[in-house]
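A quick write-up on the structure given underneath.
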Amino acid sequence: MLTLCMDTAYKYLSLALIKDDEVIAAYDEECFKHQSEEIFVRLKELFKKVNLDSLAIDSICISEGPGSYTGVRIAMTIAKVIGSIQKLDVYTISTLNLYANDEEDALVIMDARAKRAYVGQYDRSRPLVKDSVQELDQIDLNHKNLYGDLSLFGLEDKMCTISKAFLNTKHAWKKVDNIDFLHPLYLKDSEAYHS
């Protein structure tokens, strides 16, 4: 089983080819607002590196958001097109769950602008609360593992290797029943996209 994994939801362009339970090729770079320019070049390089054709994939997994409005849609659009044409299984995972990397008591913080952040709390990929947008002064940093834009609190930013996190969180992937109804997770209720 060969799975193509893609995350374009935030600052990074992260791609992974997972064969059974092993990452056989990966690409992770900060590429904020340039993912759409880079993704096809990097995908081509990824498949060439392992001497495989893109038609060899059996499934796709993408991060579904929250994140950049445009960024989330890049990987999702590619997954929908390839998934539909090749009749592949498509899986999703919350961007925050992915970035928590299957760690215990993990808090993930992503800048949502205007003194707010997307916040996810996970324990071994199990959500402790629903992903949300919170005011920075309301966020409790008292967790064993902190990831994301910690500089919002005067700390050093910390990210996992996203391509490897796809494999680590494989048990939390959600299969998409109908690819036509696949939509990004924007957390619209929080007004995060109105700044």
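Scheme for the structure tokens: letters A, B, ... for chains in order shown; per-chain residue numbers from 1; ligand numbers from 1 in order shown.
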Kindly provide the residues of stretch 14-41 of chain A that approach stretch 68-75 of chain A to within 9 Å, each paired with its closest atom pair and their distance in Å to one decimal, based on only C-alpha atoms, listed by chain and increasing number, as JSON lines.
{"residue": "A:Phe32", "atom": "CA", "partner": "A:Gly71", "partner_atom": "CA", "distance": 8.5}
{"residue": "A:Lys33", "atom": "CA", "partner": "A:Gly71", "partner_atom": "CA", "distance": 7.2}
{"residue": "A:His34", "atom": "CA", "partner": "A:Gly71", "partner_atom": "CA", "distance": 8.9}
{"residue": "A:Gln35", "atom": "CA", "partner": "A:Gly71", "partner_atom": "CA", "distance": 7.2}
{"residue": "A:Ser36", "atom": "CA", "partner": "A:Ile74", "partner_atom": "CA", "distance": 6.4}
{"residue": "A:Ile39", "atom": "CA", "partner": "A:Ala75", "partner_atom": "CA", "distance": 8.7}
> If we count only C-alpha atoms, what is near stretch 161-178 of chain A at a cut-off of 6 Å, once residues fewer than 4 positions away on the same chain are taken out, given as a ChimeraX atom specification?
Replying inline: /A:14-16,90-93,101-102
Output file for the residues above (N, CA and C atoms, as a compact mmCIF listing (two decimals), in the first residue's frame):
# COMPACT_ATOMS: atom_id res chain seq x y z
N SER A 14 4.82 20.06 3.07
CA SER A 14 5.29 18.76 3.56
C SER A 14 4.63 17.66 2.75
N LEU A 15 5.48 16.80 2.21
CA LEU A 15 5.03 15.68 1.38
C LEU A 15 5.68 14.41 1.88
N ALA A 16 4.97 13.32 1.81
CA ALA A 16 5.54 12.03 2.21
C ALA A 16 4.95 10.93 1.36
N VAL A 90 -9.23 8.45 0.02
CA VAL A 90 -8.66 9.71 0.51
C VAL A 90 -8.94 9.79 2.00
N TYR A 91 -7.91 10.20 2.75
CA TYR A 91 -8.00 10.34 4.20
C TYR A 91 -7.64 11.76 4.58
N THR A 92 -8.15 12.21 5.72
CA THR A 92 -7.81 13.53 6.24
C THR A 92 -7.40 13.42 7.70
N ILE A 93 -6.72 14.45 8.15
CA ILE A 93 -6.40 14.60 9.56
C ILE A 93 -6.36 16.10 9.86
N ASN A 101 1.82 15.30 16.41
CA ASN A 101 2.76 14.19 16.17
C ASN A 101 2.56 12.98 17.06
N ASP A 102 1.32 12.71 17.46
CA ASP A 102 1.00 11.55 18.29
C ASP A 102 1.70 11.58 19.66
> How many Å lie between atom CA of A:Leu107 and atom CA of A:Glu156, rounded to one decimal?
Replying inline: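 Atom CA of A:Leu107 sits 14.4 Å away from atom CA of A:Glu156.
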> Nearest to A:Ala117 among A:Leu13, A:Leu46, A:Leu96, A:Leu4, with distances taken over only C-alpha atoms: which residue is it?
Replying inline: A:Leu96
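Going from atom CA of A:Met110 over to atom CA of A:Asp180, you cover 28.0 Å.
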